[in-house]
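*Asks:* Contents of final03.cif (mmCIF, C-alpha atoms (C1' of nucleotides)) are given next:
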```cif
data_my_file
#
loop_
_atom_site.label_atom_id
_atom_site.label_comp_id
_atom_site.auth_asym_id
_atom_site.auth_seq_id
_atom_site.Cartn_x
_atom_site.Cartn_y
_atom_site.Cartn_z
CA MET A 1 1.24 86.85 355.17
CA GLU A 2 4.58 85.52 356.18
CA ASN A 3 5.72 86.28 352.69
CA SER A 4 4.80 89.94 353.01
CA ILE A 5 6.93 90.20 356.12
CA LEU A 6 9.79 88.54 354.37
CA HIS A 7 9.32 90.90 351.49
CA LEU A 8 9.56 93.91 353.77
CA ALA A 9 12.77 92.51 355.20
CA THR A 10 14.35 92.57 351.78
CA THR A 11 13.25 96.04 350.70
CA GLY A 12 15.48 98.06 352.94
CA GLU A 13 12.60 99.32 355.06
CA GLN A 14 13.89 97.21 357.87
CA MET A 15 17.49 98.08 357.15
CA ASN A 16 16.67 101.74 357.73
CA GLN A 17 15.80 100.96 361.32
CA GLU A 18 19.45 100.35 362.04
CA LYS A 19 20.85 102.37 359.16
CA TYR A 20 23.00 104.59 361.41
CA GLU A 21 23.38 102.13 364.28
CA ASP A 22 27.16 101.87 364.07
CA LEU A 23 29.37 104.95 364.25
CA TRP A 24 31.08 103.79 361.04
CA ASP A 25 27.73 103.89 359.26
CA ARG A 26 27.20 107.58 360.08
CA PRO A 27 28.46 109.91 357.36
CA GLY A 28 28.78 112.77 359.85
CA TYR A 29 31.03 110.72 362.10
CA LEU A 30 33.24 109.62 359.22
CA VAL A 31 33.48 113.18 357.92
CA ARG A 32 34.68 114.34 361.32
CA ARG A 33 37.26 111.56 361.43
CA LEU A 34 38.49 112.34 357.92
CA HIS A 35 38.68 116.02 358.79
CA GLN A 36 40.96 115.09 361.69
CA VAL A 37 43.00 112.87 359.39
CA HIS A 38 43.49 115.80 357.03
CA ILE A 39 44.55 118.09 359.85
CA GLY A 40 46.94 115.43 361.08
CA LEU A 41 48.50 114.90 357.66
CA PHE A 42 48.75 118.63 357.02
CA THR A 43 50.36 119.26 360.39
CA GLN A 44 52.86 116.46 359.87
CA ALA A 45 53.77 117.80 356.44
CA CYS A 46 54.12 121.43 357.55
CA GLY A 47 55.64 120.77 360.93
CA GLU A 48 58.72 122.79 360.10
CA LEU A 49 56.85 125.77 358.71
CA ASP A 50 54.14 125.50 361.37
CA LEU A 51 51.27 126.56 359.14
CA THR A 52 47.77 125.20 359.57
CA ALA A 53 45.43 124.26 356.72
CA VAL A 54 43.18 127.26 357.37
CA GLN A 55 46.12 129.65 357.56
CA PHE A 56 47.35 128.28 354.23
CA ALA A 57 43.88 128.61 352.69
CA ILE A 58 43.74 132.28 353.70
CA LEU A 59 47.25 132.97 352.40
CA SER A 60 46.24 131.20 349.17
CA VAL A 61 43.32 133.51 348.47
CA LEU A 62 45.46 136.51 349.45
CA CYS A 63 47.97 135.44 346.78
CA THR A 64 45.45 135.66 343.96
CA ASP A 65 43.12 138.41 345.18
CA ALA A 66 44.90 141.32 346.73
CA GLU A 67 42.84 144.01 348.45
CA LEU A 68 40.48 141.89 350.52
CA ASP A 69 38.80 142.80 353.79
CA GLN A 70 38.52 140.31 356.63
CA LEU A 71 34.89 139.43 355.99
CA SER A 72 35.43 138.71 352.30
CA ILE A 73 38.36 136.47 353.15
CA SER A 74 36.32 134.57 355.72
CA LYS A 75 33.53 134.04 353.18
CA LEU A 76 35.96 132.87 350.51
CA VAL A 77 37.57 130.22 352.69
CA GLY A 78 34.26 129.31 354.35
CA ILE A 79 34.85 130.17 357.98
CA ASP A 80 33.14 132.42 360.47
CA ARG A 81 34.09 136.10 360.53
CA THR A 82 35.50 135.89 364.08
CA SER A 83 37.50 132.75 363.27
CA GLY A 84 38.85 134.51 360.21
CA ALA A 85 39.83 137.58 362.21
CA ASP A 86 41.60 135.33 364.74
CA VAL A 87 43.60 133.51 362.07
CA ILE A 88 44.47 136.72 360.23
CA LYS A 89 45.65 138.24 363.49
CA ARG A 90 48.11 135.36 363.89
CA LEU A 91 49.27 135.70 360.29
CA VAL A 92 49.92 139.41 360.87
CA ASN A 93 51.76 138.69 364.12
CA ARG A 94 54.03 136.30 362.23
CA GLY A 95 54.70 138.81 359.46
CA LEU A 96 52.94 136.82 356.74
CA ALA A 97 50.25 139.47 356.17
CA THR A 98 49.53 143.12 356.91
CA ARG A 99 46.32 144.85 357.96
CA GLU A 100 45.27 148.45 357.48
CA ARG A 101 42.07 150.48 357.49
CA SER A 102 40.46 150.92 354.11
CA LYS A 103 40.25 154.50 352.87
CA GLN A 104 37.01 153.82 351.00
CA ASP A 105 35.29 152.18 353.98
CA ARG A 106 36.85 153.00 357.31
CA ARG A 107 35.03 150.10 358.97
CA ALA A 108 36.89 147.56 356.86
CA LEU A 109 40.39 146.21 357.45
CA ILE A 110 42.25 145.49 354.23
CA VAL A 111 44.54 142.48 354.48
CA ARG A 112 47.55 142.02 352.22
CA ILE A 113 50.04 139.20 351.95
CA THR A 114 53.71 140.05 352.54
CA ASP A 115 56.73 138.77 350.64
CA ALA A 116 57.38 136.36 353.50
CA GLY A 117 53.77 135.20 353.14
CA ARG A 118 54.25 134.54 349.43
CA ARG A 119 57.45 132.62 350.13
CA THR A 120 55.57 130.52 352.68
CA VAL A 121 52.79 129.74 350.19
CA ARG A 122 55.37 128.78 347.58
CA ASP A 123 57.10 126.46 350.08
CA VAL A 124 53.91 124.91 351.46
CA ARG A 125 52.06 124.40 348.18
CA PRO A 126 53.84 121.17 347.12
CA LEU A 127 53.51 119.84 350.67
CA MET A 128 49.78 120.56 350.56
CA GLU A 129 49.50 118.71 347.27
CA ASP A 130 51.30 115.72 348.78
CA VAL A 131 48.83 115.78 351.67
CA GLN A 132 45.84 115.73 349.33
CA ASP A 133 47.40 112.92 347.31
CA LYS A 134 48.16 110.86 350.39
CA MET A 135 44.70 111.31 351.87
CA VAL A 136 42.89 110.13 348.73
CA SER A 137 45.52 107.52 347.81
CA PRO A 138 43.31 104.56 348.88
CA LEU A 139 40.72 105.55 346.27
CA THR A 140 40.47 104.44 342.68
CA ASP A 141 40.20 107.17 340.04
CA GLU A 142 36.49 106.52 339.72
CA GLU A 143 35.93 106.59 343.48
CA TYR A 144 37.89 109.85 343.65
CA GLU A 145 35.66 111.47 341.03
CA VAL A 146 32.45 110.34 342.73
CA PHE A 147 33.81 111.33 346.15
CA MET A 148 34.70 114.86 345.03
CA ARG A 149 31.39 115.30 343.22
CA ALA A 150 29.51 114.10 346.29
CA LEU A 151 31.45 116.48 348.56
CA ARG A 152 30.71 119.47 346.32
CA LYS A 153 27.03 118.58 346.05
CA MET A 154 26.60 118.27 349.82
CA VAL A 155 28.55 121.41 350.66
CA GLU A 156 26.63 123.46 348.10
CA ALA A 157 23.23 122.07 349.05
CA ASN A 158 23.77 122.62 352.78
CA ASN A 159 25.84 125.76 352.53
CA GLU A 160 23.48 127.86 354.61
CA ALA A 161 23.75 125.31 357.43
CA SER A 162 27.48 125.78 357.82
CA ARG A 163 27.15 129.24 359.27
CA ALA A 164 24.94 130.76 361.96
CA PRO A 165 23.96 127.44 363.52
CA MET A 166 21.98 129.19 366.27
CA ARG A 167 23.30 127.34 369.28
CA LYS A 168 21.25 127.62 372.42
CA ARG A 169 23.08 129.36 375.21
CA VAL A 170 23.95 127.22 378.24
CA MET B 1 56.91 116.60 317.76
CA GLU B 2 53.99 118.89 318.06
CA ASN B 3 51.88 115.82 318.33
CA SER B 4 53.76 114.61 321.37
CA ILE B 5 53.08 117.88 323.14
CA LEU B 6 49.44 117.65 322.27
CA HIS B 7 49.46 114.11 323.53
CA LEU B 8 50.88 115.18 326.87
CA ALA B 9 48.19 117.77 327.18
CA THR B 10 45.53 115.10 326.95
CA THR B 11 47.02 112.62 329.39
CA GLY B 12 46.38 114.49 332.59
CA GLU B 13 50.07 115.14 333.18
CA GLN B 14 49.40 118.77 332.53
CA MET B 15 46.16 118.73 334.47
CA ASN B 16 48.07 117.66 337.56
CA GLN B 17 49.95 120.92 337.51
CA GLU B 18 46.82 122.71 338.56
CA LYS B 19 45.03 119.76 340.09
CA TYR B 20 44.51 121.47 343.46
CA GLU B 21 44.57 125.04 342.17
CA ASP B 22 41.05 125.93 343.27
CA LEU B 23 39.91 125.50 346.87
CA TRP B 24 36.93 123.52 345.57
CA ASP B 25 39.30 121.04 343.96
CA ARG B 26 41.02 120.26 347.27
CA PRO B 27 39.50 117.27 349.06
CA GLY B 28 40.83 118.48 352.40
CA TYR B 29 39.12 121.84 352.00
CA LEU B 30 35.80 120.25 351.04
CA VAL B 31 36.01 117.80 353.94
CA ARG B 32 36.48 120.71 356.34
CA ARG B 33 33.50 122.51 354.83
CA LEU B 34 31.31 119.40 355.01
CA HIS B 35 32.41 118.84 358.60
CA GLN B 36 31.18 122.34 359.39
CA VAL B 37 27.96 121.65 357.52
CA HIS B 38 27.40 118.58 359.67
CA ILE B 39 28.07 120.49 362.87
CA GLY B 40 25.68 123.20 361.71
CA LEU B 41 22.91 120.74 360.87
CA PHE B 42 23.40 118.83 364.11
CA THR B 43 23.34 122.00 366.17
CA GLN B 44 20.19 123.23 364.44
CA ALA B 45 18.47 119.89 365.03
CA CYS B 46 19.51 119.60 368.67
CA GLY B 47 19.24 123.25 369.57
CA GLU B 48 16.66 122.56 372.27
CA LEU B 49 18.58 119.71 373.85
CA ASP B 50 21.90 121.50 373.36
CA LEU B 51 23.92 118.37 372.66
CA THR B 52 26.89 118.38 370.28
CA ALA B 53 27.71 115.60 367.82
CA VAL B 54 30.73 114.48 369.83
CA GLN B 55 28.78 114.50 373.09
CA PHE B 56 26.13 112.35 371.41
CA ALA B 57 28.76 109.96 370.03
CA ILE B 58 30.18 109.46 373.51
CA LEU B 59 26.75 108.91 375.06
CA SER B 60 26.03 106.45 372.23
CA VAL B 61 28.98 104.22 373.03
CA LEU B 62 28.19 104.48 376.75
CA CYS B 63 24.71 103.15 375.98
CA THR B 64 26.01 99.94 374.49
CA ASP B 65 29.23 99.36 376.43
CA ALA B 66 28.94 100.01 380.11
CA GLU B 67 32.11 100.11 382.21
CA LEU B 68 34.40 102.15 380.01
CA ASP B 69 37.32 104.30 381.12
CA GLN B 70 37.97 107.69 379.58
CA LEU B 71 40.78 106.54 377.30
CA SER B 72 38.78 103.65 375.83
CA ILE B 73 35.88 106.01 375.13
CA SER B 74 38.17 108.49 373.40
CA LYS B 75 39.62 105.72 371.24
CA LEU B 76 36.17 104.39 370.33
CA VAL B 77 34.86 107.76 369.14
CA GLY B 78 38.20 108.72 367.62
CA ILE B 79 39.24 111.79 369.57
CA ASP B 80 42.24 112.73 371.64
CA ARG B 81 42.19 111.63 375.28
CA THR B 82 42.29 115.19 376.60
CA SER B 83 39.45 116.21 374.28
CA GLY B 84 37.51 113.17 375.47
CA ALA B 85 38.15 114.05 379.11
CA ASP B 86 36.93 117.59 378.44
CA VAL B 87 33.70 116.42 376.81
CA ILE B 88 33.06 113.78 379.50
CA LYS B 89 33.59 116.42 382.18
CA ARG B 90 30.78 118.50 380.64
CA LEU B 91 28.51 115.46 380.37
CA VAL B 92 29.10 114.73 384.06
CA ASN B 93 28.45 118.36 384.98
CA ARG B 94 25.13 118.14 383.17
CA GLY B 95 24.15 114.92 384.91
CA LEU B 96 24.23 112.80 381.74
CA ALA B 97 27.10 110.59 382.96
CA THR B 98 28.96 109.71 386.16
CA ARG B 99 32.64 109.18 386.79
CA GLU B 100 34.37 107.12 389.48
CA ARG B 101 37.75 105.55 390.12
CA SER B 102 38.10 101.94 389.00
CA LYS B 103 38.75 99.45 391.78
CA GLN B 104 40.79 97.20 389.49
CA ASP B 105 43.01 100.03 388.24
CA ARG B 106 43.06 103.08 390.45
CA ARG B 107 44.51 105.21 387.65
CA ALA B 108 41.42 104.75 385.48
CA LEU B 109 38.16 106.68 385.73
CA ILE B 110 35.13 104.56 384.88
CA VAL B 111 32.39 106.51 383.09
CA ARG B 112 28.76 105.40 383.18
CA ILE B 113 25.71 106.87 381.50
CA THR B 114 22.84 108.01 383.75
CA ASP B 115 19.11 107.57 383.21
CA ALA B 116 18.96 111.20 382.08
CA GLY B 117 21.73 110.40 379.63
CA ARG B 118 19.80 107.45 378.21
CA ARG B 119 16.70 109.62 377.85
CA THR B 120 18.76 112.21 376.00
CA VAL B 121 20.15 109.59 373.61
CA ARG B 122 16.62 108.29 372.99
CA ASP B 123 15.42 111.82 372.22
CA VAL B 124 18.37 112.83 370.06
CA ARG B 125 18.71 109.62 368.04
CA PRO B 126 15.88 110.34 365.54
CA LEU B 127 17.13 113.92 365.19
CA MET B 128 20.63 112.62 364.45
CA GLU B 129 19.21 110.31 361.79
CA ASP B 130 17.38 113.24 360.20
CA VAL B 131 20.67 115.17 360.13
CA GLN B 132 22.48 112.33 358.36
CA ASP B 133 19.61 111.98 355.88
CA LYS B 134 19.55 115.70 355.17
CA MET B 135 23.29 115.97 354.72
CA VAL B 136 23.47 113.15 352.14
CA SER B 137 20.13 113.99 350.54
CA PRO B 138 21.74 115.50 347.39
CA LEU B 139 23.36 112.14 346.62
CA THR B 140 21.99 109.30 344.56
CA ASP B 141 21.97 105.86 346.17
CA GLU B 142 24.99 104.86 344.16
CA GLU B 143 26.88 108.04 345.04
CA TYR B 144 26.05 107.47 348.70
CA GLU B 145 27.49 103.95 348.61
CA VAL B 146 30.70 105.08 346.92
CA PHE B 147 30.98 108.10 349.22
CA MET B 148 30.68 106.00 352.38
CA ARG B 149 33.09 103.37 351.07
CA ALA B 150 35.58 106.10 350.16
CA LEU B 151 35.30 107.70 353.60
CA ARG B 152 35.89 104.39 355.39
CA LYS B 153 38.88 103.56 353.19
CA MET B 154 40.53 106.92 353.78
CA VAL B 155 39.90 106.99 357.52
CA GLU B 156 41.20 103.45 357.96
CA ALA B 157 44.25 103.94 355.74
CA ASN B 158 45.26 107.21 357.43
CA ASN B 159 44.11 106.33 360.91
CA GLU B 160 47.51 106.77 362.51
CA ALA B 161 47.69 110.31 361.10
CA SER B 162 44.60 111.48 362.95
CA ARG B 163 46.32 111.46 366.29
CA ALA B 164 49.66 112.77 367.52
CA PRO B 165 50.21 115.23 364.69
CA MET B 166 53.40 116.54 366.31
CA ARG B 167 52.82 120.25 365.96
CA LYS B 168 55.87 122.44 366.36
CA ARG B 169 55.61 124.74 369.33
CA VAL B 170 55.36 128.49 368.61
"C1'" DC C 1 18.92 166.07 355.75
"C1'" DA C 2 18.17 163.27 359.74
"C1'" DT C 3 16.93 158.84 361.24
"C1'" DT C 4 17.17 154.08 360.44
"C1'" DA C 5 19.16 150.00 358.60
"C1'" DA C 6 22.96 147.40 357.17
"C1'" DT C 7 27.85 146.39 357.44
"C1'" DC C 8 32.62 145.58 359.50
"C1'" DT C 9 35.19 144.88 363.35
"C1'" DA C 10 36.22 143.91 368.24
"C1'" DC C 11 35.56 141.65 372.62
"C1'" DA C 12 34.04 138.08 375.89
"C1'" DG C 13 32.70 133.47 376.24
"C1'" DT C 14 32.16 128.32 374.94
"C1'" DA C 15 33.27 123.74 372.65
"C1'" DT C 16 36.36 120.81 370.32
"C1'" DA C 17 40.91 119.06 369.54
"C1'" DC C 18 45.24 119.11 369.97
"C1'" DT C 19 50.31 120.16 372.32
"C1'" DC C 20 53.75 119.27 376.26
"C1'" DC C 21 54.77 118.33 381.00
"C1'" DT C 22 53.79 116.13 385.32
"C1'" DT C 23 51.88 112.81 388.70
"C1'" DA C 24 50.23 108.52 390.10
"C1'" DA C 25 49.50 103.66 389.49
"C1'" DT C 26 50.44 99.39 387.23
"C1'" DT C 27 53.32 96.10 384.63
"C1'" DT C 28 57.39 94.21 383.30
"C1'" DG C 29 62.35 92.69 383.28
"C1'" DG C 30 66.52 91.67 385.41
"C1'" DC D 1 61.75 92.09 394.69
"C1'" DC D 2 62.93 96.36 392.97
"C1'" DA D 3 64.00 99.59 389.18
"C1'" DA D 4 62.30 100.81 384.62
"C1'" DA D 5 58.88 101.21 381.28
"C1'" DT D 6 54.22 101.80 380.41
"C1'" DT D 7 49.67 103.59 381.16
"C1'" DA D 8 45.74 106.82 382.91
"C1'" DA D 9 44.76 111.12 384.07
"C1'" DG D 10 45.33 116.21 385.01
"C1'" DG D 11 46.91 120.99 384.10
"C1'" DA D 12 48.45 124.75 381.24
"C1'" DG D 13 48.57 126.46 376.75
"C1'" DT D 14 47.26 127.02 371.60
"C1'" DA D 15 44.29 126.91 367.26
"C1'" DT D 16 39.94 126.68 365.14
"C1'" DA D 17 35.12 127.77 365.01
"C1'" DC D 18 31.39 129.24 366.74
"C1'" DT D 19 27.90 132.51 370.01
"C1'" DG D 20 26.20 137.17 371.37
"C1'" DT D 21 26.87 141.92 372.14
"C1'" DA D 22 28.67 146.32 371.33
"C1'" DG D 23 30.70 150.28 368.76
"C1'" DA D 24 31.85 152.64 364.60
"C1'" DT D 25 30.97 153.69 359.91
"C1'" DT D 26 28.40 153.66 355.73
"C1'" DA D 27 24.09 153.20 353.01
"C1'" DA D 28 19.25 153.72 352.52
"C1'" DT D 29 14.85 155.80 353.36
"C1'" DG D 30 11.20 158.95 354.68
#
```
As a first step, turn the structure in this file into structure tokens.
*Replies:*
Amino acid sequence: MENSILHLATTGEQMNQEKYEDLWDRPGYLVRRLHQVHIGLFTQACGELDLTAVQFAILSVLCTDAELDQLSISKLVGIDRTSGADVIKRLVNRGLATRERSKQDRRALIVRITDAGRRTVRDVRPLMEDVQDKMVSPLTDEEYEVFMRALRKMVEANNEASRAPMRKRV
Amino acid sequence: MENSILHLATTGEQMNQEKYEDLWDRPGYLVRRLHQVHIGLFTQACGELDLTAVQFAILSVLCTDAELDQLSISKLVGIDRTSGADVIKRLVNRGLATRERSKQDRRALIVRITDAGRRTVRDVRPLMEDVQDKMVSPLTDEEYEVFMRALRKMVEANNEASRAPMRKRV
DNA sequence: CATTAATCTACAGTATACTCCTTAATTTGG
DNA sequence: CCAAATTAAGGAGTATACTGTAGATTAATG
């Protein structure tokens, strides 16, 4: 009987009781911290140009796909429509993008990148790559591969959870 | 000569040129997405109790360590002091914590968890564990281990970058 | 063809997470 | 012991990322 208890203690059943006890054992907590690390690194790298990671992501998709409305852009970079509209508004204010009503669909606002926007992307791109390299520099090649695969799997599997979280009103 | 070019093409030197071309190949982008996934899952799970992940993290550390000032709490959960003060203010407003001046150091505000706060932690804890389980559910056990190790390594190595990012004023 | 449904944007509001600047209290060095 | 540096907090301001609601336009359906 004592043996069965000992057996349970070695099977991980008991470990699960305190699986997420420490903050550093909670994947969600570590993801938030790493997200902040990335923002910090990106901001340090682009301090002169004063471009955020999300602003750069939007300018990136505008570089390849021209003729995009605000909602499509928000979906492509994985942010909420209102957040996207906010960011785009700032990009337009800074002359990095333009916005005009679509002729096909007068509800939609077509966003286009300007020459200044393209120059900014060209300047920021190597800095962004340095940021990625620095962030993952503690990892071995194998850890990097597993880490990226794991990220993609989790984001894809829980994609519907990242939008419309249905918060209760206070 | 042609062989040397072919050789280069197989060594990954060329691959690096477009290493971060796609958004889904950028670790920083995926980390942001997964962070949003976690927030979404947490908010769905705690919709009734209306507690955010950061609020829960702060209540968690208050459960174990009593007698903490705002700055120590912010450092423990890894957020900026002003963000921490904001969150704590809301917790106090909702009766989940109390705040009073320290007698030893009259600059510091000592934060304590209330009975209602402890009840909330007790109620939310299993929900939080479900959220963690659901988020990492697409991973194999081995992938989970590597993923968590990779997260810890990156957060520790770049810890100083997560605060004081020195943004240029607009 | 008219009514309904779906779509795109805008606006107001909240939470997190920072910035910089200031004030107050404590510690430290000469 | 007193001036200087440090530390804790607060206030104002910004960016991201949501909520919900509303208005305008387009698409779909009886």
*Asks:* Pairing the C-alpha atoms in order and superposing chain A on chain B, what is the resulting RMSD?
*Replies:* 0.1 Å
*Asks:* Can you list, as a PDB file with C-alpha atoms (C1' of nucleotides), in the coordinates of the input, the residues that the PyMOL selection byres ((chain C and resi 7) around 9) selects here?
*Replies:*
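Result file expr-v2.pdb:
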```pdb
ATOM      1  CA  ARG A 107      35.030 150.100 358.970  1.00  0.00           C
TER       2      ARG A 107
ATOM      3  C1'  DA C   6      22.960 147.400 357.170  1.00  0.00           C
ATOM      4  C1'  DC C   8      32.620 145.580 359.500  1.00  0.00           C
TER       5       DC C   8
ATOM      6  C1'  DT D  25      30.970 153.690 359.910  1.00  0.00           C
ATOM      7  C1'  DT D  26      28.400 153.660 355.730  1.00  0.00           C
ATOM      8  C1'  DA D  27      24.090 153.200 353.010  1.00  0.00           C
TER       9       DA D  27
END
```
*Asks:* Give one line per residue of chain A that approaches chain C to at most 8 Å, naming the two atoms of the closest pair and their distance in Å to one decimal, counting all atoms listed in the file; sort by chain then ascending residue number and deliver it as a tab-separated table.
*Replies:*
```
residue	atom	partner	partner_atom	distance
A:Leu71	CA	C:DC8	C1'	7.4
A:Arg107	CA	C:DC8	C1'	5.1
A:Ala108	CA	C:DC8	C1'	5.4
A:Leu109	CA	C:DT9	C1'	8.0
```
*Asks:* Could you check how far atom CA of B:Leu30 sits from atom CA of A:Ala116, in Å to one decimal?
*Replies:*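 Atom CA of B:Leu30 sits 27.0 Å away from atom CA of A:Ala116.
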*Asks:* Compile the residues of chain D that lie within 12 Å of chain B, evaluated using all atoms listed in the file, and express the compilation as a ChimeraX atom specification.
*Replies:* /D:7-11,13-18
